[in-house]
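Enquirer: Next up, input_21.cif (mmCIF, C-alpha atoms).
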```cif
data_data
loop_
_atom_site.label_atom_id
_atom_site.label_comp_id
_atom_site.auth_asym_id
_atom_site.auth_seq_id
_atom_site.Cartn_x
_atom_site.Cartn_y
_atom_site.Cartn_z
CA MET P 154 10.76 -75.27 -20.70
CA ALA P 155 13.02 -72.60 -22.25
CA LYS P 156 15.24 -73.09 -19.23
CA HIS P 157 16.31 -76.45 -20.58
CA ASP P 158 17.82 -75.07 -23.77
CA TRP P 159 21.32 -74.36 -22.50
CA ARG P 160 22.33 -72.61 -25.74
CA ARG P 161 19.55 -70.04 -25.56
CA TYR P 162 20.13 -66.69 -23.85
CA GLU P 163 17.30 -64.34 -22.99
CA PRO P 164 18.01 -60.86 -21.58
CA LEU P 165 18.83 -61.24 -17.88
CA ASP P 166 15.71 -61.18 -15.74
CA LEU P 167 16.98 -59.19 -12.75
CA SER P 168 15.22 -56.81 -10.38
CA PRO P 169 15.91 -53.05 -10.86
CA ILE P 170 18.25 -53.03 -7.84
CA LEU P 171 20.30 -55.97 -9.15
CA THR P 172 20.32 -54.60 -12.70
CA HIS P 173 21.72 -51.24 -11.65
CA ALA P 174 24.11 -52.76 -9.10
CA LEU P 175 25.51 -55.03 -11.82
CA ASP P 176 26.08 -52.04 -14.13
CA ALA P 177 27.76 -50.10 -11.32
CA PHE P 178 30.02 -53.00 -10.26
CA TYR P 179 30.96 -53.64 -13.91
CA GLU P 180 31.85 -50.00 -14.53
CA GLN P 181 33.37 -48.99 -11.17
CA GLY P 182 34.16 -52.26 -9.44
CA PHE P 183 32.60 -53.50 -6.21
CA HIS P 184 34.85 -51.45 -3.92
CA GLY P 185 34.49 -48.41 -6.16
CA THR P 186 30.69 -48.46 -5.88
CA ALA P 187 28.90 -46.93 -2.90
CA VAL P 188 25.42 -48.04 -1.83
CA ARG P 189 24.22 -44.49 -2.58
CA ASP P 190 25.50 -44.86 -6.18
CA ILE P 191 23.26 -47.89 -6.61
CA ALA P 192 20.30 -46.14 -4.93
CA ARG P 193 20.73 -43.14 -7.24
CA ARG P 194 20.81 -45.34 -10.35
CA VAL P 195 17.67 -47.19 -9.24
CA GLY P 196 15.96 -43.94 -8.24
CA VAL P 197 15.26 -44.92 -4.63
CA THR P 198 16.57 -43.72 -1.28
CA VAL P 199 19.40 -45.49 0.52
CA PRO P 200 17.06 -46.67 3.36
CA ALA P 201 14.69 -48.10 0.73
CA LEU P 202 17.56 -50.09 -0.70
CA TYR P 203 18.54 -51.39 2.75
CA TYR P 204 15.00 -52.69 3.09
CA TYR P 205 15.84 -55.28 0.41
CA TYR P 206 19.54 -55.90 1.05
CA GLU P 207 21.40 -55.81 4.33
CA ASN P 208 24.48 -54.27 2.69
CA LYS P 209 26.43 -53.92 -0.54
CA GLU P 210 28.03 -57.33 -0.08
CA ALA P 211 24.58 -58.98 0.06
CA ILE P 212 23.87 -57.53 -3.40
CA LEU P 213 27.17 -58.89 -4.76
CA VAL P 214 26.45 -62.30 -3.21
CA THR P 215 23.05 -62.42 -4.93
CA LEU P 216 24.61 -61.49 -8.28
CA LEU P 217 27.41 -64.05 -7.89
CA GLU P 218 24.85 -66.74 -7.05
CA THR P 219 22.84 -65.77 -10.12
CA ALA P 220 26.00 -66.09 -12.23
CA THR P 221 27.12 -69.40 -10.83
CA ASN P 222 23.63 -70.93 -10.91
CA ASP P 223 23.29 -69.88 -14.56
CA VAL P 224 26.57 -71.45 -15.66
CA ALA P 225 25.95 -74.55 -13.52
CA TRP P 226 22.53 -75.52 -14.91
CA ARG P 227 23.73 -74.88 -18.43
CA ALA P 228 26.91 -76.93 -18.00
CA PHE P 229 25.07 -79.86 -16.39
CA THR P 230 22.28 -79.81 -19.00
CA ALA P 231 24.88 -79.63 -21.78
CA ALA P 232 26.73 -82.61 -20.32
CA GLU P 233 23.53 -84.63 -20.00
CA GLU P 234 22.57 -83.84 -23.57
CA GLY P 235 25.93 -85.29 -24.63
CA GLY P 236 24.70 -88.74 -23.66
CA ASP P 237 27.35 -91.39 -23.07
CA ALA P 238 30.07 -90.10 -25.40
CA PRO P 239 32.81 -88.32 -23.39
CA GLU P 240 33.88 -86.27 -26.43
CA THR P 241 30.36 -84.88 -26.94
CA ARG P 242 29.85 -84.25 -23.24
CA PHE P 243 33.23 -82.52 -23.10
CA ALA P 244 32.58 -80.32 -26.14
CA ASN P 245 29.10 -79.41 -24.88
CA VAL P 246 30.37 -78.38 -21.43
CA ILE P 247 33.14 -76.17 -22.88
CA GLU P 248 30.64 -74.63 -25.30
CA ALA P 249 28.16 -73.99 -22.47
CA ILE P 250 30.80 -72.30 -20.30
CA VAL P 251 32.11 -70.07 -23.10
CA LEU P 252 28.55 -69.07 -24.05
CA HIS P 253 27.97 -68.08 -20.42
CA MET P 254 31.25 -66.10 -20.23
CA THR P 255 30.27 -64.11 -23.32
CA HIS P 256 26.48 -63.76 -23.22
CA ARG P 257 26.69 -63.07 -19.48
CA VAL P 258 30.04 -61.24 -19.46
CA ARG P 259 28.92 -58.63 -16.92
CA LEU P 260 27.87 -61.29 -14.44
CA ALA P 261 30.88 -63.49 -15.22
CA SER P 262 33.34 -60.67 -14.65
CA LEU P 263 32.15 -60.30 -11.04
CA ASP P 264 34.25 -63.38 -10.37
CA SER P 265 37.28 -61.15 -9.79
CA GLU P 266 35.47 -59.51 -6.84
CA LEU P 267 34.94 -62.86 -5.17
CA ARG P 268 38.04 -62.81 -3.02
CA TYR P 269 36.86 -59.75 -1.10
CA LEU P 270 33.75 -61.54 0.17
CA GLN P 271 33.36 -62.82 3.72
CA PRO P 272 34.26 -66.54 3.80
CA ALA P 273 30.67 -67.56 4.68
CA ASN P 274 29.39 -65.68 1.63
CA ARG P 275 31.93 -67.28 -0.63
CA LYS P 276 30.76 -70.76 0.32
CA HIS P 277 27.71 -71.29 -1.89
CA TYR P 278 29.64 -69.92 -4.84
CA ALA P 279 32.68 -72.07 -4.15
CA VAL P 280 30.54 -75.20 -3.78
CA THR P 281 28.81 -74.65 -7.13
CA ARG P 282 32.12 -73.86 -8.85
CA LYS P 283 33.60 -77.06 -7.45
CA LYS P 284 30.64 -79.04 -8.84
CA ILE P 285 31.37 -77.68 -12.33
CA GLU P 286 35.06 -78.50 -11.96
CA ASN P 287 34.17 -82.03 -10.81
CA LEU P 288 31.78 -82.42 -13.74
CA LEU P 289 34.53 -81.55 -16.22
CA THR P 290 37.17 -83.64 -14.43
CA GLY P 291 34.74 -86.60 -14.39
CA ILE P 292 34.16 -86.34 -18.13
CA ILE P 293 37.92 -86.18 -18.77
CA ASN P 294 38.44 -89.23 -16.55
CA ASP P 295 35.71 -91.09 -18.46
CA GLY P 296 37.38 -90.22 -21.76
CA VAL P 297 40.74 -91.45 -20.49
CA ARG P 298 39.16 -94.69 -19.21
CA THR P 299 37.47 -95.42 -22.52
CA GLY P 300 40.70 -94.63 -24.39
CA THR P 301 39.17 -91.68 -26.25
CA PHE P 302 41.21 -89.01 -24.44
CA THR P 303 44.94 -88.77 -23.72
CA VAL P 304 45.58 -86.63 -20.65
CA THR P 305 48.50 -86.61 -18.21
CA ASP P 306 46.66 -85.09 -15.25
CA PRO P 307 42.85 -84.82 -15.66
CA ALA P 308 42.28 -82.62 -12.59
CA GLU P 309 44.95 -80.13 -13.65
CA THR P 310 43.68 -80.05 -17.24
CA SER P 311 40.16 -79.44 -15.95
CA ARG P 312 41.30 -76.54 -13.74
CA ALA P 313 43.42 -75.09 -16.55
CA LEU P 314 40.50 -75.21 -19.00
CA LEU P 315 38.13 -73.56 -16.55
CA GLY P 316 40.75 -70.84 -15.98
CA MET P 317 41.09 -70.40 -19.72
CA CYS P 318 37.31 -69.97 -20.07
CA GLN P 319 37.02 -67.70 -17.01
CA ALA P 320 39.73 -65.42 -18.46
CA ILE P 321 37.40 -64.60 -21.38
CA ALA P 322 35.37 -62.41 -19.02
CA THR P 323 38.44 -60.18 -18.49
CA TRP P 324 38.71 -59.10 -22.14
CA TYR P 325 35.42 -59.91 -23.89
CA HIS P 326 33.13 -56.99 -24.70
CA ASP P 327 29.49 -57.58 -25.56
CA SER P 328 29.66 -54.61 -27.95
CA GLY P 329 32.60 -56.11 -29.93
CA PRO P 330 32.42 -57.94 -33.28
CA LEU P 331 33.22 -61.43 -31.92
CA ARG P 332 30.07 -63.50 -31.56
CA PRO P 333 29.69 -65.83 -28.56
CA GLU P 334 28.94 -68.82 -30.82
CA LYS P 335 32.09 -68.24 -32.89
CA LEU P 336 34.29 -67.95 -29.82
CA ALA P 337 32.71 -71.04 -28.26
CA GLU P 338 33.53 -72.98 -31.43
CA ARG P 339 37.18 -71.90 -31.27
CA TYR P 340 37.48 -72.77 -27.60
CA VAL P 341 35.93 -76.20 -28.13
CA ASP P 342 38.62 -76.75 -30.78
CA ILE P 343 41.44 -75.61 -28.45
CA ALA P 344 40.09 -77.53 -25.45
CA SER P 345 39.60 -80.71 -27.51
CA LYS P 346 43.31 -80.67 -28.30
CA THR P 347 44.19 -80.61 -24.59
CA VAL P 348 42.51 -84.00 -24.16
CA GLY P 349 44.19 -85.46 -27.22
CA LEU P 350 41.41 -85.01 -29.76
CA ALA P 351 42.74 -83.56 -33.01
CA MET F 149 74.08 -61.31 -14.80
CA ALA F 150 71.50 -63.05 -12.59
CA LYS F 151 68.88 -61.06 -14.43
CA HIS F 152 69.45 -63.23 -17.46
CA ASP F 153 68.48 -66.47 -15.75
CA TRP F 154 64.75 -66.37 -16.39
CA ARG F 155 64.11 -69.42 -14.20
CA ARG F 156 65.67 -67.87 -11.11
CA TYR F 157 63.54 -65.93 -8.63
CA GLU F 158 65.03 -63.76 -5.92
CA PRO F 159 62.82 -62.12 -3.29
CA LEU F 160 61.19 -59.05 -4.83
CA ASP F 161 63.39 -56.00 -4.50
CA LEU F 162 60.75 -53.36 -3.80
CA SER F 163 60.88 -50.16 -1.75
CA PRO F 164 59.08 -50.21 1.65
CA ILE F 165 56.15 -48.23 0.23
CA LEU F 166 55.68 -50.63 -2.70
CA THR F 167 56.15 -53.71 -0.49
CA HIS F 168 53.45 -52.65 1.96
CA ALA F 169 51.14 -51.38 -0.78
CA LEU F 170 51.41 -54.74 -2.53
CA ASP F 171 50.48 -56.58 0.68
CA ALA F 172 47.56 -54.23 1.26
CA PHE F 173 46.24 -54.53 -2.32
CA TYR F 174 46.60 -58.32 -2.19
CA GLU F 175 44.71 -58.59 1.10
CA GLN F 176 42.10 -55.86 0.71
CA GLY F 177 42.03 -55.06 -2.99
CA PHE F 178 42.97 -51.75 -4.57
CA HIS F 179 39.63 -50.06 -3.89
CA GLY F 180 39.51 -51.50 -0.37
CA THR F 181 42.86 -49.93 0.53
CA ALA F 182 43.12 -46.30 1.63
CA VAL F 183 46.34 -44.30 1.27
CA ARG F 184 46.41 -43.98 5.07
CA ASP F 185 46.37 -47.83 5.34
CA ILE F 186 49.54 -47.96 3.28
CA ALA F 187 51.14 -45.09 5.25
CA ARG F 188 50.31 -46.87 8.52
CA ARG F 189 51.87 -50.15 7.30
CA VAL F 190 55.01 -48.33 6.16
CA GLY F 191 55.14 -46.28 9.36
CA VAL F 192 55.14 -42.88 7.68
CA THR F 193 52.64 -40.04 7.52
CA VAL F 194 50.21 -39.65 4.62
CA PRO F 195 51.95 -36.44 3.41
CA ALA F 196 55.30 -38.27 3.44
CA LEU F 197 53.79 -40.91 1.19
CA TYR F 198 52.42 -38.27 -1.19
CA TYR F 199 55.96 -36.95 -1.50
CA TYR F 200 56.82 -40.14 -3.41
CA TYR F 201 53.54 -40.95 -5.17
CA GLU F 202 50.93 -38.55 -6.48
CA ASN F 203 48.10 -40.85 -5.44
CA LYS F 204 47.11 -44.47 -4.79
CA GLU F 205 46.72 -45.14 -8.50
CA ALA F 206 50.35 -44.11 -9.11
CA ILE F 207 51.44 -46.83 -6.66
CA LEU F 208 49.31 -49.43 -8.45
CA VAL F 209 50.70 -48.32 -11.81
CA THR F 210 54.27 -48.76 -10.54
CA LEU F 211 53.48 -52.23 -9.21
CA LEU F 212 51.74 -53.25 -12.44
CA GLU F 213 54.73 -52.05 -14.45
CA THR F 214 57.04 -54.03 -12.18
CA ALA F 215 54.90 -57.12 -12.78
CA THR F 216 54.64 -56.76 -16.51
CA ASN F 217 58.33 -55.90 -16.97
CA ASP F 218 59.25 -58.97 -14.91
CA VAL F 219 57.15 -61.37 -16.96
CA ALA F 220 58.21 -59.71 -20.24
CA TRP F 221 61.98 -59.99 -19.82
CA ARG F 222 61.64 -63.56 -18.61
CA ALA F 223 59.38 -64.59 -21.50
CA PHE F 224 61.60 -62.94 -24.13
CA THR F 225 64.79 -64.39 -22.62
CA ALA F 226 63.16 -67.81 -22.42
CA ALA F 227 62.12 -67.61 -26.07
CA GLU F 228 65.61 -66.54 -27.17
CA GLU F 229 67.17 -69.38 -25.21
CA GLY F 230 64.95 -71.76 -27.18
CA GLY F 231 66.98 -71.02 -30.31
CA ASP F 232 65.34 -71.81 -33.63
CA ALA F 233 63.10 -74.68 -32.55
CA PRO F 234 59.48 -73.48 -32.20
CA GLU F 235 58.64 -76.32 -29.79
CA THR F 236 61.46 -75.36 -27.38
CA ARG F 237 60.69 -71.64 -27.65
CA PHE F 238 57.02 -72.40 -27.03
CA ALA F 239 57.68 -74.62 -24.00
CA ASN F 240 60.13 -72.10 -22.54
CA VAL F 241 57.70 -69.18 -22.86
CA ILE F 242 54.84 -71.10 -21.19
CA GLU F 243 57.21 -72.23 -18.43
CA ALA F 244 58.45 -68.65 -17.91
CA ILE F 245 54.92 -67.26 -17.66
CA VAL F 246 53.74 -69.93 -15.21
CA LEU F 247 56.85 -69.42 -13.05
CA HIS F 248 56.04 -65.71 -12.96
CA MET F 249 52.36 -66.32 -12.07
CA THR F 250 53.38 -68.52 -9.13
CA HIS F 251 56.65 -67.05 -7.80
CA ARG F 252 55.20 -63.57 -8.25
CA VAL F 253 51.57 -64.39 -7.47
CA ARG F 254 50.98 -61.22 -5.41
CA LEU F 255 52.17 -59.01 -8.26
CA ALA F 256 50.43 -61.14 -10.90
CA SER F 257 47.09 -61.00 -9.12
CA LEU F 258 47.05 -57.19 -9.43
CA ASP F 259 46.05 -57.82 -13.03
CA SER F 260 42.39 -57.96 -11.95
CA GLU F 261 42.64 -54.33 -10.74
CA LEU F 262 43.81 -53.18 -14.16
CA ARG F 263 40.43 -52.22 -15.53
CA TYR F 264 39.93 -49.56 -12.89
CA LEU F 265 42.99 -47.59 -14.04
CA GLN F 266 42.79 -44.39 -16.06
CA PRO F 267 43.22 -45.26 -19.77
CA ALA F 268 46.57 -43.39 -19.97
CA ASN F 269 47.91 -45.44 -17.06
CA ARG F 270 46.80 -48.67 -18.65
CA LYS F 271 48.78 -47.97 -21.79
CA HIS F 272 52.30 -49.05 -20.83
CA TYR F 273 50.91 -52.20 -19.29
CA ALA F 274 48.72 -52.97 -22.31
CA VAL F 275 51.63 -52.41 -24.72
CA THR F 276 53.91 -54.83 -22.84
CA ARG F 277 51.14 -57.41 -22.55
CA LYS F 278 50.53 -57.15 -26.27
CA LYS F 279 54.25 -57.76 -26.93
CA ILE F 280 54.08 -61.00 -24.93
CA GLU F 281 50.95 -62.06 -26.80
CA ASN F 282 52.65 -61.28 -30.12
CA LEU F 283 55.73 -63.23 -29.04
CA LEU F 284 53.64 -66.33 -28.33
CA THR F 285 51.50 -65.93 -31.47
CA GLY F 286 54.69 -65.56 -33.54
CA ILE F 287 56.13 -68.76 -32.14
CA ILE F 288 52.88 -70.61 -32.85
CA ASN F 289 52.85 -69.25 -36.40
CA ASP F 290 56.47 -70.38 -36.87
CA GLY F 291 55.59 -73.86 -35.64
CA VAL F 292 52.64 -74.05 -38.04
CA ARG F 293 54.82 -72.86 -40.92
CA THR F 294 57.50 -75.47 -40.26
CA GLY F 295 54.85 -78.17 -39.93
CA THR F 296 55.70 -78.86 -36.27
CA PHE F 297 52.45 -77.46 -34.87
CA THR F 298 48.83 -78.03 -35.85
CA VAL F 299 46.66 -75.07 -34.86
CA THR F 300 43.37 -73.82 -36.29
CA ASP F 301 43.69 -70.20 -35.17
CA PRO F 302 47.14 -69.22 -33.78
CA ALA F 303 46.06 -65.83 -32.41
CA GLU F 304 43.09 -67.31 -30.56
CA THR F 305 45.17 -70.17 -29.17
CA SER F 306 47.78 -67.67 -27.98
CA ARG F 307 45.17 -65.53 -26.20
CA ALA F 308 43.51 -68.60 -24.70
CA LEU F 309 46.85 -69.90 -23.35
CA LEU F 310 47.74 -66.53 -21.83
CA GLY F 311 44.31 -66.45 -20.18
CA MET F 312 44.86 -69.96 -18.87
CA CYS F 313 48.20 -68.90 -17.34
CA GLN F 314 46.85 -65.61 -15.98
CA ALA F 315 44.03 -67.49 -14.23
CA ILE F 316 46.63 -69.25 -12.07
CA ALA F 317 47.05 -66.00 -10.11
CA THR F 318 43.39 -66.18 -9.05
CA TRP F 319 43.75 -69.47 -7.15
CA TYR F 320 47.46 -70.11 -6.52
CA HIS F 321 48.72 -69.58 -2.96
CA ASP F 322 52.42 -69.22 -2.29
CA SER F 323 51.89 -70.99 1.04
CA GLY F 324 50.35 -74.08 -0.60
CA PRO F 325 52.03 -77.42 -1.36
CA LEU F 326 52.13 -77.03 -5.15
CA ARG F 327 55.60 -75.98 -6.30
CA PRO F 328 55.92 -73.46 -9.17
CA GLU F 329 58.26 -75.77 -11.12
CA LYS F 330 55.78 -78.67 -10.89
CA LEU F 331 52.87 -76.54 -12.03
CA ALA F 332 54.93 -75.07 -14.89
CA GLU F 333 55.73 -78.59 -16.06
CA ARG F 334 52.02 -79.53 -16.09
CA TYR F 335 51.06 -76.38 -17.97
CA VAL F 336 53.77 -76.92 -20.58
CA ASP F 337 52.27 -80.38 -21.11
CA ILE F 338 48.72 -79.01 -21.45
CA ALA F 339 49.78 -76.10 -23.65
CA SER F 340 51.86 -78.35 -25.91
CA LYS F 341 48.74 -80.36 -26.69
CA THR F 342 46.91 -77.22 -27.86
CA VAL F 343 49.47 -76.82 -30.65
CA GLY F 344 49.28 -80.47 -31.63
CA LEU F 345 52.35 -81.78 -29.77
CA ALA F 346 51.58 -84.98 -27.90
#
```
Please lay out the structure from this file as structure tokens.
Expert:
Amino acid sequence: MAKHDWRRYEPLDLSPILTHALDAFYEQGFHGTAVRDIARRVGVTVPALYYYYENKEAILVTLLETATNDVAWRAFTAAEEGGDAPETRFANVIEAIVLHMTHRVRLASLDSELRYLQPANRKHYAVTRKKIENLLTGIINDGVRTGTFTVTDPAETSRALLGMCQAIATWYHDSGPLRPEKLAERYVDIASKTVGLA
Amino acid sequence: MAKHDWRRYEPLDLSPILTHALDAFYEQGFHGTAVRDIARRVGVTVPALYYYYENKEAILVTLLETATNDVAWRAFTAAEEGGDAPETRFANVIEAIVLHMTHRVRLASLDSELRYLQPANRKHYAVTRKKIENLLTGIINDGVRTGTFTVTDPAETSRALLGMCQAIATWYHDSGPLRPEKLAERYVDIASKTVGLA
């Protein structure tokens, strides 16, 4: 049942191929990484690697799906745990997303490689991302309806907040002094202001 | 004197090599673009291209400097035009940055290629980016000092807002229906809330 604690992060449980591919993509970028680089890191031959994945893009797709599934279940569980209060649901979702961007910064930073994928491969990822955006927009709309939130354009605020959280993956380092929980707290404070909570 | 109107965008005045390199990087990514792709688009030989640029990275560096210089002069001019009022300076800077992210989306989206540069080549870019961040943080601090703004952590709010604006370049399409001026207006509204302005 550990999966249901959205605040808890265990080390990523990835296969050796995915683990080494993630390191390579993080350090050299997707286009800067050759399949033979990944094979060398894993300690297998290139044909052995092709036995598991059709090509390099298939590895990236698997990693992106891992990333988006991780942030999605956490965000939805966090929202549910917030019960009926839009302000708690809102704060929980922002906290969950920032915790993902920091604890899973290597996975989260793959997002910038997304636009080089084939359209068909982008689809699952885009659908899950849209669900998270709709979740946040829905919560903001609820808060506006109940008079708790003051927002000019809920959909735009939702997209702006998700962009703000996604940008963390471009500068956050897991070796730095800033703890994920501390950053999440600051972002919940900033985000709360955008919906009119002091 | 057109350069001093920070709201005005002329078509980018780039050399043929930079123009075609920018298109190639935007469509295929930096790592996905070979020097011969750029030479073919320009209609010159690869050696002719090397006469102007030492390598592909030197082209990216030039484009990144063009991008960061463009956003920097606009942001600083916008701030100056805001006079002494922190709320006007703040709104102008956010507007200037969003206008850059949209009108110059191809240049702005190169930001995601930054981390693959040699450290020495990243320096100029990082220094200019830091100046913009300091500009915004300074304005927020001024607003807090004068009692106009309410902010828990000015530096974090500044970084979060710049991330929010930078993220626009990941989804904005210059062929889409959303006008830069309209989006800038929405972002000024959202950003204003983060500093406690209604």
Enquirer: Residue by residue, what does the PyMOL selection byres ((chain P) within 8 of (chain F)) grab here? Present the result as a PyMOL selection string.
Expert: chain P and resi 181-182+184-185+265+269+305-306+309-310+313-321+323+339-340+342-344+346-349+351
Enquirer: Using the chain letters and numbers from the file, give me the residues hit by the PyMOL selection byres ((chain P and resi 205-211) around 9), as an NGL selection string.
Expert: :P and (170 or 174 or 183 or 186-188 or 201-204 or 212-216 or 270-271 or 274)
Enquirer: So that I can see what lies close to stretch 230-243 of chain P, please list as a PyMOL selection string the residues with an atom at most 8 Å from it, counting all atoms listed in the file and leaving out residues fewer than 6 positions away in the same chain.
Expert: chain P and resi 157+159+249+289+292-293+295-296+301+345
Enquirer: Run the PyMOL selection byres ((chain P and resi 173) around 10) against the file shown and list the residues it catches, as a list of chain:residue names.
Expert: P:Leu167, P:Ser168, P:Pro169, P:Ile170, P:Leu171, P:Thr172, P:Ala174, P:Leu175, P:Asp176, P:Ala177, P:Phe178, P:Tyr179, P:Asp190, P:Ile191, P:Ala192, P:Arg193, P:Arg194, P:Val195, P:Gly196
Enquirer: Calculate how many Å separate atom CA of P:Ala337 from atom CA of F:Met249, rounding to one decimal.
Expert: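 Answer for the atom CA of P:Ala337 to atom CA of F:Met249 separation: 25.9 Å.
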Enquirer: Just to confirm, what's the straight-line distance from atom CA of F:Ala215 to atom CA of F:Glu329 in Å (one decimal)?
Expert: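 If I compute the distance from atom CA of F:Ala215 to atom CA of F:Glu329, I get 19.0 Å.
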Enquirer: With 6 Å as the threshold, what does the neighbourhood of (29.8, -80.1, -16.3) contain in terms of residues, counting only C-alpha atoms? Coordinates are those of the file; answer as a ChimeraX atom specification.
Expert: /P:228-229,232,246,285,288-289
Enquirer: In Å, how far is it from atom CA of F:Val336 to atom CA of F:Ser306?
Expert: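 We find that atom CA of F:Val336 and atom CA of F:Ser306 lie 13.3 Å from each other.
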Enquirer: Neighbours of F:Leu160 within 10 Å (all atoms listed in the file; same-chain residues fewer than 4 positions away dropped), as a list of chain:residue names?
Expert: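 Non-adjacent residues within range: F:Thr167, F:Thr214, F:His251, F:Arg252, F:Leu255.
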